[in-house]
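Printed here is upload-v6.cif (mmCIF, C-alpha atoms and all ligand atoms):
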```cif
data_data
#
loop_
_atom_site.label_atom_id
_atom_site.label_comp_id
_atom_site.auth_asym_id
_atom_site.auth_seq_id
_atom_site.Cartn_x
_atom_site.Cartn_y
_atom_site.Cartn_z
CA MET A 1 14.37 48.74 41.16
CA THR A 2 11.18 49.37 39.24
CA VAL A 3 10.84 52.14 36.72
CA SER A 4 7.78 54.21 37.42
CA ALA A 5 5.76 55.76 34.62
CA LEU A 6 7.21 58.94 33.19
CA PRO A 7 5.49 61.96 34.70
CA PHE A 8 4.13 63.20 31.35
CA ALA A 9 3.44 59.86 29.64
CA GLU A 10 -0.05 59.96 28.19
CA HIS A 11 -2.62 57.21 28.22
CA PRO A 12 -2.82 55.37 24.83
CA ALA A 13 -6.37 56.72 24.35
CA PHE A 14 -4.82 60.15 23.78
CA ALA A 15 -2.94 58.86 20.74
CA VAL A 16 -6.21 57.55 19.25
CA LEU A 17 -7.87 60.88 19.96
CA ALA A 18 -5.01 62.78 18.33
CA ALA A 19 -5.34 60.62 15.21
CA VAL A 20 -9.11 61.26 15.02
CA GLU A 21 -8.59 64.99 15.53
CA GLY A 22 -5.90 65.00 12.87
CA ALA A 23 -8.18 63.27 10.37
CA LEU A 24 -11.05 65.71 11.07
CA ASP A 25 -8.73 68.73 10.82
CA GLY A 26 -7.76 67.59 7.35
CA THR A 27 -11.37 67.46 6.09
CA ASP A 28 -13.24 70.48 4.85
CA LEU A 29 -17.05 70.50 4.94
CA SER A 30 -17.09 71.87 1.40
CA ALA A 31 -15.97 68.38 0.32
CA TYR A 32 -19.67 67.37 0.59
CA GLU A 33 -20.80 69.79 -2.09
CA GLY A 34 -21.84 68.17 -5.33
CA LEU A 35 -22.01 64.65 -3.90
CA GLY A 36 -24.39 62.22 -5.57
CA ALA A 37 -27.43 61.09 -3.54
CA ALA A 38 -26.25 57.50 -3.11
CA GLU A 39 -22.79 58.57 -2.00
CA ALA A 40 -24.15 61.23 0.35
CA THR A 41 -26.55 58.72 1.93
CA ARG A 42 -23.74 56.23 2.43
CA LEU A 43 -21.55 58.89 3.99
CA ALA A 44 -24.29 60.10 6.34
CA GLY A 45 -24.85 56.49 7.46
CA ARG A 46 -21.17 55.92 8.11
CA TRP A 47 -20.84 59.17 10.06
CA ARG A 48 -23.78 58.03 12.20
CA LYS A 49 -21.87 54.83 12.93
CA ILE A 50 -18.76 56.82 13.85
CA GLU A 51 -20.91 59.01 16.08
CA ALA A 52 -22.12 55.91 17.96
CA ARG A 53 -18.58 54.58 18.29
CA VAL A 54 -17.40 57.92 19.65
CA ASP A 55 -20.35 57.91 22.07
CA ALA A 56 -19.04 54.59 23.45
CA HIS A 57 -15.68 56.22 24.13
CA VAL A 58 -17.35 59.22 25.77
CA ALA A 59 -19.31 56.83 28.00
CA ALA A 60 -16.14 54.94 28.94
CA ALA A 61 -14.32 58.18 29.78
CA VAL A 62 -17.28 59.50 31.76
CA ARG A 63 -17.39 56.24 33.72
CA ALA A 64 -13.70 56.58 34.53
CA VAL A 65 -14.35 60.10 35.86
CA ASP A 66 -17.37 58.86 37.80
CA GLU A 67 -15.49 55.98 39.42
CA SER A 68 -12.49 58.16 40.26
CA GLY A 69 -14.52 60.18 42.76
CA ALA A 70 -13.33 63.40 41.09
CA ALA A 71 -16.71 65.08 41.58
CA THR A 72 -16.59 64.81 45.36
CA ARG A 73 -12.99 66.02 45.49
CA ALA A 74 -13.94 69.02 43.31
CA GLY A 75 -16.83 69.83 45.64
CA ALA A 76 -19.49 69.10 43.00
CA THR A 77 -22.82 67.54 44.00
CA SER A 78 -22.54 64.83 41.33
CA THR A 79 -20.39 63.64 38.45
CA GLY A 80 -22.95 65.19 36.07
CA ALA A 81 -22.60 68.59 37.75
CA HIS A 82 -18.81 68.23 37.76
CA LEU A 83 -18.71 67.38 34.04
CA ALA A 84 -21.16 70.13 33.11
CA ARG A 85 -18.98 72.67 34.95
CA GLU A 86 -15.85 71.28 33.36
CA PHE A 87 -17.20 71.48 29.80
CA GLY A 88 -19.59 74.41 30.18
CA GLY A 89 -22.35 72.10 29.06
CA ASP A 90 -25.91 71.35 29.95
CA ARG A 91 -26.29 69.66 33.33
CA ASN A 92 -29.15 67.39 32.28
CA ALA A 93 -27.18 66.15 29.28
CA ALA A 94 -24.13 65.49 31.47
CA ALA A 95 -26.29 63.65 34.02
CA ARG A 96 -27.72 61.52 31.22
CA ASP A 97 -24.18 60.72 30.03
CA VAL A 98 -23.24 59.58 33.54
CA HIS A 99 -26.38 57.48 33.79
CA LEU A 100 -25.64 55.84 30.43
CA SER A 101 -22.03 55.12 31.38
CA ARG A 102 -23.22 53.41 34.57
CA SER A 103 -25.90 51.34 32.87
CA LEU A 104 -23.49 50.21 30.14
CA ALA A 105 -21.19 48.87 32.85
CA THR A 106 -23.76 46.12 33.49
CA ALA A 107 -24.76 45.66 29.84
CA SER A 108 -21.51 44.67 28.18
CA LEU A 109 -23.07 43.40 24.93
CA THR A 110 -24.82 46.73 24.46
CA GLU A 111 -21.63 48.60 25.22
CA LYS A 112 -19.85 46.50 22.59
CA ALA A 113 -22.65 47.12 20.06
CA LEU A 114 -22.35 50.87 20.66
CA ALA A 115 -18.56 50.72 20.34
CA ASP A 116 -19.01 48.83 17.06
CA GLY A 117 -21.50 51.39 15.78
CA VAL A 118 -24.26 48.77 15.55
CA VAL A 119 -26.67 50.69 17.80
CA SER A 120 -27.01 54.42 18.46
CA LYS A 121 -26.58 56.07 21.85
CA GLU A 122 -30.36 56.34 22.36
CA GLN A 123 -30.87 52.69 21.38
CA ALA A 124 -28.04 51.64 23.72
CA ARG A 125 -29.61 53.65 26.55
CA LEU A 126 -32.94 51.91 26.05
CA ILE A 127 -31.47 48.40 25.73
CA ALA A 128 -29.16 48.78 28.73
CA ARG A 129 -31.99 50.13 30.88
CA THR A 130 -34.28 47.28 29.83
CA VAL A 131 -31.70 44.63 30.66
CA ASN A 132 -30.79 46.28 33.97
CA ASP A 133 -34.47 46.49 34.91
CA LEU A 134 -34.97 42.73 34.61
CA ALA A 135 -35.80 41.08 37.93
CA VAL A 136 -32.80 40.24 40.13
CA ASP A 137 -33.41 36.49 39.87
CA VAL A 138 -33.00 36.47 36.08
CA SER A 139 -29.81 34.58 35.18
CA ASP A 140 -26.86 36.21 33.42
CA GLU A 141 -27.41 33.89 30.49
CA THR A 142 -31.05 34.96 30.08
CA ARG A 143 -30.06 38.61 30.44
CA ALA A 144 -27.58 38.16 27.62
CA THR A 145 -30.26 36.50 25.47
CA CYS A 146 -32.60 39.45 26.04
CA GLU A 147 -29.81 41.90 25.30
CA ARG A 148 -28.90 40.12 22.06
CA ALA A 149 -32.56 39.96 20.98
CA LEU A 150 -32.91 43.74 21.34
CA ILE A 151 -29.58 44.58 19.68
CA GLU A 152 -30.58 42.38 16.76
CA VAL A 153 -33.85 44.20 16.05
CA ALA A 154 -32.58 47.70 16.90
CA THR A 155 -31.51 48.40 13.33
CA THR A 156 -34.85 47.42 11.80
CA LEU A 157 -37.28 49.05 14.26
CA THR A 158 -38.08 52.70 14.83
CA TRP A 159 -37.12 53.97 18.26
CA ARG A 160 -40.69 53.78 19.48
CA ASP A 161 -41.17 50.25 18.17
CA LEU A 162 -37.92 49.26 19.85
CA GLN A 163 -39.35 50.57 23.11
CA TYR A 164 -42.50 48.48 22.63
CA ARG A 165 -40.35 45.45 21.86
CA ALA A 166 -38.28 46.14 24.99
CA ASP A 167 -41.44 46.36 27.10
CA ARG A 168 -42.19 42.76 26.12
CA ILE A 169 -38.64 41.43 26.30
CA THR A 170 -39.59 38.93 29.01
CA ASP A 171 -41.27 36.93 26.22
CA VAL A 172 -37.79 35.50 25.69
CA PHE A 173 -38.24 33.40 28.83
CA LYS A 174 -41.84 33.79 30.06
CA PRO A 175 -45.27 32.71 28.77
CA VAL A 176 -47.44 35.36 27.11
CA PRO A 177 -49.84 36.04 30.02
CA GLU A 178 -46.91 36.90 32.31
CA VAL A 179 -45.34 39.02 29.58
CA ASP A 180 -48.63 40.90 29.25
CA GLN A 181 -48.48 41.60 32.96
CA ASP A 182 -44.84 42.74 32.81
CA GLU A 183 -45.56 45.04 29.92
CA GLY A 184 -48.69 46.39 31.58
CA GLN A 185 -46.65 47.23 34.68
CA LYS A 186 -43.95 49.01 32.69
CA VAL A 187 -46.42 50.99 30.62
CA GLU A 188 -48.44 51.92 33.71
CA ASP A 189 -45.29 53.14 35.48
CA ARG A 190 -44.34 55.19 32.45
CA GLU A 191 -47.83 56.66 32.16
CA ARG A 192 -47.82 57.65 35.82
CA GLN A 193 -44.43 59.31 35.54
CA ALA A 194 -45.52 61.09 32.37
CA TYR A 195 -48.71 62.33 34.07
CA GLU A 196 -46.65 63.65 36.98
CA ARG A 197 -44.44 65.56 34.55
CA SER A 198 -47.40 67.16 32.73
CA GLN A 199 -47.36 70.93 32.64
CA LEU A 200 -48.64 73.83 30.61
CA TRP A 201 -48.00 77.52 30.58
CA MET A 202 -49.69 80.36 28.69
CA ARG A 203 -48.66 83.99 28.49
CA ASP A 204 -50.59 86.99 27.20
CA ASN A 205 -48.48 88.77 24.59
CA ARG A 206 -50.82 91.81 24.82
CA ASP A 207 -51.04 92.04 21.06
CA GLY A 208 -54.03 89.81 20.60
CA THR A 209 -52.04 86.59 20.77
CA TRP A 210 -50.87 84.28 23.49
CA ASP A 211 -47.79 82.10 23.67
CA GLY A 212 -47.79 78.74 25.33
CA SER A 213 -46.03 75.47 25.72
CA PHE A 214 -46.80 72.15 27.32
CA THR A 215 -45.51 68.79 28.38
CA LEU A 216 -48.06 66.02 27.96
CA PRO A 217 -48.16 62.26 28.45
CA GLU A 218 -47.77 60.35 25.20
CA ALA A 219 -51.36 59.11 25.01
CA GLN A 220 -52.88 62.58 25.34
CA ALA A 221 -50.24 64.14 23.09
CA GLY A 222 -50.97 61.42 20.53
CA ALA A 223 -54.69 62.14 20.71
CA LEU A 224 -54.00 65.86 20.25
CA LYS A 225 -51.65 65.26 17.35
CA ASN A 226 -54.15 62.90 15.75
CA ALA A 227 -56.85 65.55 15.96
CA LEU A 228 -54.52 68.25 14.59
CA ASP A 229 -53.45 65.97 11.74
CA GLY A 230 -57.12 65.45 10.99
CA PHE A 231 -57.55 69.20 10.57
CA SER A 232 -54.35 69.77 8.62
CA ALA A 233 -53.93 66.63 6.49
CA PRO A 234 -53.21 67.72 2.89
CA ARG A 235 -56.30 66.04 1.42
CA ARG A 236 -58.54 67.82 3.89
CA ARG A 237 -57.21 71.26 3.33
CA HIS A 238 -59.74 71.96 0.61
CA LEU A 239 -62.30 71.86 3.40
CA ASP A 240 -60.80 75.03 4.83
CA ASP A 241 -62.71 77.77 3.05
CA SER A 242 -60.97 80.67 4.80
CA GLN A 243 -58.19 81.08 2.25
CA ALA A 244 -55.95 79.14 -0.06
CA ASP A 245 -53.32 77.82 2.28
CA THR A 246 -50.94 76.12 -0.06
CA ASP A 247 -48.22 78.65 0.84
CA LEU A 248 -48.49 78.10 4.58
CA THR A 249 -45.60 76.52 6.43
CA TYR A 250 -46.09 73.34 8.42
CA LEU A 251 -46.07 75.36 11.67
CA GLN A 252 -48.70 77.75 10.36
CA ARG A 253 -50.93 74.90 9.25
CA GLN A 254 -50.56 73.23 12.65
CA GLY A 255 -51.41 76.56 14.33
CA ARG A 256 -54.58 76.93 12.28
CA ALA A 257 -55.48 73.31 12.94
CA PHE A 258 -55.10 74.00 16.67
CA VAL A 259 -57.40 77.03 16.39
CA ALA A 260 -59.98 74.96 14.50
CA LEU A 261 -59.70 72.20 17.08
CA ILE A 262 -60.35 74.61 19.97
CA ASP A 263 -63.30 76.12 18.10
CA HIS A 264 -64.82 72.67 17.89
CA LEU A 265 -64.35 71.83 21.55
CA PRO A 266 -67.22 73.43 23.43
CA THR A 267 -70.09 72.51 21.14
CA ASP A 268 -69.86 69.05 19.62
CA GLY A 269 -66.66 67.72 21.04
CA LEU A 270 -64.08 66.67 18.51
CA PRO A 271 -65.31 66.19 14.98
CA ASP A 272 -65.61 62.50 14.36
CA ALA A 273 -65.22 61.82 10.68
CA GLY A 274 -66.92 58.45 11.01
CA GLY A 275 -63.84 56.32 11.48
CA SER A 276 -61.94 57.96 8.64
CA GLY A 277 -58.80 58.33 10.69
CA MET A 278 -59.95 60.90 13.24
CA THR A 279 -61.19 58.09 15.40
CA VAL A 280 -58.60 56.49 17.62
CA THR A 281 -59.38 52.85 18.07
CA VAL A 282 -57.98 50.70 20.79
CA ASN A 283 -57.28 47.07 20.28
CA LEU A 284 -57.79 44.74 23.22
CA ASP A 285 -57.97 41.00 23.36
CA LEU A 286 -61.23 39.75 24.84
CA GLN A 287 -59.43 38.27 27.83
CA GLN A 288 -57.56 41.51 28.45
CA LEU A 289 -60.82 43.42 28.40
CA ILE A 290 -62.23 41.05 31.01
CA ASP A 291 -59.11 40.96 33.19
CA GLY A 292 -58.19 44.59 32.77
CA ILE A 293 -54.58 43.37 32.62
CA GLY A 294 -51.99 44.13 30.00
CA THR A 295 -51.61 46.61 27.24
CA ALA A 296 -53.52 47.65 24.16
CA THR A 297 -52.49 49.17 20.86
CA THR A 298 -54.22 52.25 19.49
CA SER A 299 -54.73 52.79 15.78
CA THR A 300 -51.96 55.39 15.97
CA GLY A 301 -49.60 52.63 17.13
CA GLN A 302 -49.28 53.66 20.75
CA ARG A 303 -49.18 51.10 23.50
CA MET A 304 -51.56 51.98 26.30
CA SER A 305 -52.34 50.32 29.61
CA ALA A 306 -55.75 48.69 30.04
CA GLY A 307 -56.60 51.30 32.70
CA GLN A 308 -55.84 54.15 30.30
CA VAL A 309 -58.08 52.45 27.71
CA ARG A 310 -61.01 52.27 30.10
CA GLN A 311 -60.51 55.93 30.91
CA HIS A 312 -60.36 56.88 27.24
CA ALA A 313 -63.29 54.71 26.26
CA CYS A 314 -65.63 57.23 27.88
CA ARG A 315 -64.44 60.02 25.63
CA VAL A 316 -65.31 61.03 22.13
CA GLY A 317 -63.33 59.41 19.37
CA ILE A 318 -62.11 56.33 21.13
CA VAL A 319 -63.59 53.04 20.03
CA PRO A 320 -62.52 49.96 21.93
CA GLN A 321 -62.34 47.08 19.52
CA VAL A 322 -62.32 43.50 20.64
CA LEU A 323 -60.25 41.29 18.44
CA GLY A 324 -60.19 37.62 17.61
CA GLY A 325 -57.12 35.42 17.18
CA GLN A 326 -53.92 36.89 15.72
CA SER A 327 -55.00 40.33 16.91
CA LEU A 328 -56.73 41.01 13.62
CA PRO A 329 -60.20 42.46 13.33
CA LEU A 330 -62.69 40.19 11.64
CA ASP A 331 -63.44 40.71 7.98
CA LEU A 332 -66.63 42.51 7.21
CA GLY A 333 -67.00 40.98 3.78
CA ARG A 334 -69.60 43.36 2.39
CA LYS A 335 -69.47 43.98 -1.30
CA GLN A 336 -69.75 47.67 -1.84
CA ARG A 337 -67.87 50.48 -3.51
CA LEU A 338 -66.41 52.23 -0.54
CA PHE A 339 -65.03 51.04 2.72
CA THR A 340 -67.55 51.55 5.51
CA PRO A 341 -66.53 53.56 8.57
CA ALA A 342 -66.32 50.27 10.50
CA GLN A 343 -64.02 48.79 7.87
CA ARG A 344 -61.93 51.92 7.90
CA VAL A 345 -61.62 51.65 11.67
CA ALA A 346 -60.54 48.03 11.26
CA LEU A 347 -57.96 49.03 8.61
CA ASP A 348 -56.62 51.81 10.87
CA HIS A 349 -56.17 49.11 13.42
CA ARG A 350 -54.45 46.54 11.33
CA ASP A 351 -52.07 48.92 9.53
CA GLN A 352 -51.70 51.64 12.21
CA GLY A 353 -50.78 54.15 9.54
CA CYS A 354 -49.44 54.06 6.00
CA ALA A 355 -48.67 50.38 5.31
CA MET A 356 -45.82 51.18 2.92
CA PRO A 357 -42.58 49.94 4.56
CA ASP A 358 -40.65 52.73 6.32
CA CYS A 359 -43.48 55.27 6.08
CA ASP A 360 -44.50 56.72 9.46
CA ARG A 361 -47.62 58.69 8.45
CA PRO A 362 -50.45 58.14 10.97
CA PRO A 363 -53.92 56.83 10.01
CA SER A 364 -55.34 60.36 9.90
CA TRP A 365 -53.11 61.06 6.88
CA CYS A 366 -54.13 57.91 5.09
CA GLU A 367 -56.69 56.73 2.59
CA ALA A 368 -58.07 53.23 2.20
CA HIS A 369 -56.76 51.76 -1.03
CA HIS A 370 -58.24 48.77 -2.86
CA ALA A 371 -55.14 46.62 -2.81
CA THR A 372 -55.73 43.60 -4.98
CA SER A 373 -58.30 44.75 -7.53
CA PRO A 374 -60.08 48.07 -7.71
CA TRP A 375 -63.81 47.82 -6.97
CA SER A 376 -64.40 49.05 -10.52
CA HIS A 377 -62.99 45.71 -11.68
CA GLY A 378 -65.30 43.75 -9.46
CA GLY A 379 -63.10 43.91 -6.37
CA SER A 380 -64.66 43.55 -2.98
CA THR A 381 -64.20 45.70 0.06
CA ASP A 382 -63.05 42.86 2.28
CA LEU A 383 -60.32 43.78 4.73
CA GLU A 384 -57.92 41.66 2.73
CA ASP A 385 -58.53 43.89 -0.20
CA GLY A 386 -57.92 47.13 1.64
CA VAL A 387 -54.71 48.78 2.68
CA LEU A 388 -54.02 52.10 4.38
CA LEU A 389 -51.78 54.44 2.38
CA CYS A 390 -50.79 58.06 2.82
CA ALA A 391 -51.59 60.32 -0.15
CA PHE A 392 -47.97 60.21 -1.32
CA HIS A 393 -47.73 56.43 -1.29
CA HIS A 394 -51.26 56.06 -2.64
CA ARG A 395 -50.02 57.88 -5.74
CA THR A 396 -46.79 55.85 -5.75
CA VAL A 397 -48.70 52.58 -5.72
CA HIS A 398 -51.04 53.72 -8.49
CA ASP A 399 -48.36 55.28 -10.70
CA GLU A 400 -45.68 52.65 -10.37
CA ASP A 401 -45.90 48.95 -10.69
CA TRP A 402 -46.21 47.98 -7.03
CA ILE A 403 -48.12 44.79 -6.25
CA ILE A 404 -49.80 44.33 -2.87
CA THR A 405 -50.36 40.82 -1.57
CA PHE A 406 -51.69 39.30 1.62
CA GLU A 407 -49.73 36.10 1.49
CA THR A 408 -47.65 36.70 4.59
CA ASP A 409 -48.21 34.51 7.65
CA ASP A 410 -50.02 37.23 9.53
CA ARG A 411 -52.28 38.25 6.58
CA ARG A 412 -50.98 41.79 6.60
CA PRO A 413 -50.17 43.63 3.36
CA ALA A 414 -46.83 42.98 1.68
CA PHE A 415 -45.50 45.25 -1.09
CA ILE A 416 -43.71 43.88 -4.15
CA PRO A 417 -41.64 46.72 -5.60
CA PRO A 418 -41.29 47.37 -9.34
CA ALA A 419 -38.21 45.84 -11.02
CA ARG A 420 -36.70 49.32 -11.29
CA ILE A 421 -36.38 49.39 -7.48
CA ASP A 422 -35.62 45.72 -6.86
CA PRO A 423 -34.81 43.50 -9.86
CA TYR A 424 -35.65 40.42 -7.76
CA ARG A 425 -39.01 41.92 -6.73
CA ARG A 426 -38.82 40.66 -3.16
CA PRO A 427 -41.90 41.50 -1.04
CA ARG A 428 -41.44 44.08 1.70
CA THR A 429 -43.56 44.61 4.77
CA SER A 430 -43.86 47.42 7.27
CA THR A 431 -41.64 46.86 10.30
CA ARG A 432 -44.02 48.39 12.83
CA TYR A 433 -43.57 46.35 15.98
CA ARG A 434 -46.42 44.03 16.86
CA PRO A 435 -46.34 41.81 19.91
CA ARG A 436 -46.31 38.08 19.32
CA ARG A 437 -49.43 36.23 20.40
CA THR A 438 -49.87 32.58 21.13
ZN ZN B 1 -46.82 56.52 3.20
#
```
Starting from the file, lay out its structure as structure tokens.
Ligand SMILES: [Zn+2]
Amino acid sequence: MTVSALPFAEHPAFAVLAAVEGALDGTDLSAYEGLGAAEATRLAGRWRKIEARVDAHVAAAVRAVDESGAATRAGATSTGAHLAREFGGDRNAAARDVHLSRSLATASLTEKALADGVVSKEQARLIARTVNDLAVDVSDETRATCERALIEVATTLTWRDLQYRADRITDVFKPVPEVDQDEGQKVEDRERQAYERSQLWMRDNRDGTWDGSFTLPEAQAGALKNALDGFSAPRRRHLDDSQADTDLTYLQRQGRAFVALIDHLPTDGLPDAGGSGMTVTVNLDLQQLIDGIGTATTSTGQRMSAGQVRQHACRVGIVPQVLGGQSLPLDLGRKQRLFTPAQRVALDHRDQGCAMPDCDRPPSWCEAHHATSPWSHGGSTDLEDGVLLCAFHHRTVHDEDWIITFETDDRRPAFIPPARIDPYRRPRTSTRYRPRRT
């Protein structure tokens, strides 16, 4: 005779949950008051890891619900709807949880990385989707290699750079021209879906103002943001003669920048500050320009399909730039005090924003800095002497003992920190994702 499970015996996962709940119940949030910066940073990082690990358990539980067919039995249209009703939550969020739980089922390395707290939920979602989207004839072994490659870089890349890396993941097993094609296809699909989702509404508040909101594709939103940044960048604010605006909030400054932008629209088009960051450049290899295949990078770091580039090339403020080997613009080599607009455009291109590692300021916020020797000391304005820095990091580099070199393999700026920051003074480089080229 077999002994069946006791009617009220709980699954072992409940014991784990009870332990976690017990630990949280015993912690008061006031415990964080008065923490030192280093300790607080470490704690925030570890909580993030815990959050990811918990997300893995949520996904596993959601999958169990999904596979049990509970939604159908409860008369719900989908597991997402069933879960949202059960927890009083947002239906879209629940549907996304279900989708993630399903995609992790066929991306076991990613699921493990999430459960270990190595990647976040959003990173796991992206990696699992990328691996699942690989063509059906790709072997399990190759899939695993792709998955491992993405998990490995996930911690060092920003989310957007991870997406760009994922778009080119077939470079693990395909030659570059085919990878270009794969990426072009993915980006084109994404652009089309984004265009279809575009919307805008405006409402008259009847008090002299209007409210509004919009959903825009990334390329157009990036162009808008670039223009707004151009109007509201701190170093440009002295150009605004209407009033001292040092007390304005970020939102107020953006609002005024938007007003200024609209005022400039009908007459001259967008103000083009001669390549000083307002200009969005687009980087295309010569062959890509001829073939119209593949994907280009704008100076704001966005990846854009060749078709989108051609469309944009007709507009104000977009300068297609054909590049030589290594995807680097050619040096201009002129000896003069200031960087020319063309050099500035080339710098925007190479650095795609502040070149200081981990800084995400776009080119419109940046200034060209004479990296190796100031022109006043006989320095040139060759590209290998210039580096794009935001105002904050421009000051940092000048005030502290940072050394900028161009001795990396790809001839991009590397930053040697002062001994106070790193006693070994190891060079650091920006981790913006850049596709490999043959
Ligand atoms: Zn910066």
| Near-region 56-64 of chain A list (7 Å; only C-alpha atoms; drop same-chain fewer than 2 positions) as a list in words |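 Listing them by chain and then by number gives Ala52, Arg53, Val54, Asp66, Glu67, Ser68, Asp97, Val98, Leu100, Ser101, Arg102, Glu111, Leu114 and Ala115 of chain A.
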Hey, which bits of chain A sit within 6 Å of ligand ZN 1 (chain B), and for each residue what's the closest pair of atoms and how far apart in Å (one decimal), counting all atoms listed in the file, rows by chain and increasing number, as CSV?
```
residue,atom,partner,partner_atom,distance
A:Cys354,CA,B:ZN1,ZN,4.6
A:Met356,CA,B:ZN1,ZN,5.4
A:Cys359,CA,B:ZN1,ZN,4.6
A:Arg361,CA,B:ZN1,ZN,5.7
A:Leu389,CA,B:ZN1,ZN,5.4
A:Cys390,CA,B:ZN1,ZN,4.3
A:Phe392,CA,B:ZN1,ZN,5.9
A:His393,CA,B:ZN1,ZN,4.6
```
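We find CA of Arg395 (chain A) and CA of Thr340 (chain A) to be spaced 21.8 Å apart.
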| said: Just the number, please: distance in Å from CA of Asp410 (chain A) to CA of Asp351 (chain A), one decimal. | reply: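 Value for the CA of Asp410 (chain A)-CA of Asp351 (chain A) distance: 11.9 Å.
Taking CA of Glu147 (chain A) and CA of Ser120 (chain A) as endpoints, the distance between them is 14.5 Å.
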Tell me, counting only C-alpha atoms, for each residue of region 108-212 of chain A within 7 Å of region 426-436 of chain A, which pair of atoms is nearest and how far apart they are in Å to one decimal, in rows ordered by chain and increasing number, as a Markdown table.
```
| residue | atom | partner | partner_atom | distance |
| --- | --- | --- | --- | --- |
| A:Thr156 | CA | A:Thr431 | CA | 7.0 |
| A:Leu157 | CA | A:Thr431 | CA | 6.3 |
| A:Asp161 | CA | A:Tyr433 | CA | 5.1 |
| A:Arg165 | CA | A:Tyr433 | CA | 6.8 |
```
| message | Let me make sure I understand: among A:Pro418, A:Gly222, A:Glu21, A:Ser139, which one has the smallest atom-to-atom distance to Asp399 (chain A) if we use only C-alpha atoms? | response |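 Once distances to Asp399 (chain A) are computed over only C-alpha atoms, the minimum belongs to A:Pro418.
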| Contacts of Ala95 (chain A) within 10 Å, all atoms listed in the file, excl. fewer than 3 positions in-chain, as a list of chain:residue names |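 Selected residues are A:Ser78, A:Thr79, A:Gly80, A:Ala81, A:His82, A:Leu83, A:Ala84, A:Asp90, A:Arg91, A:Asn92, A:Val98, A:His99, A:Leu100, A:Ser101.
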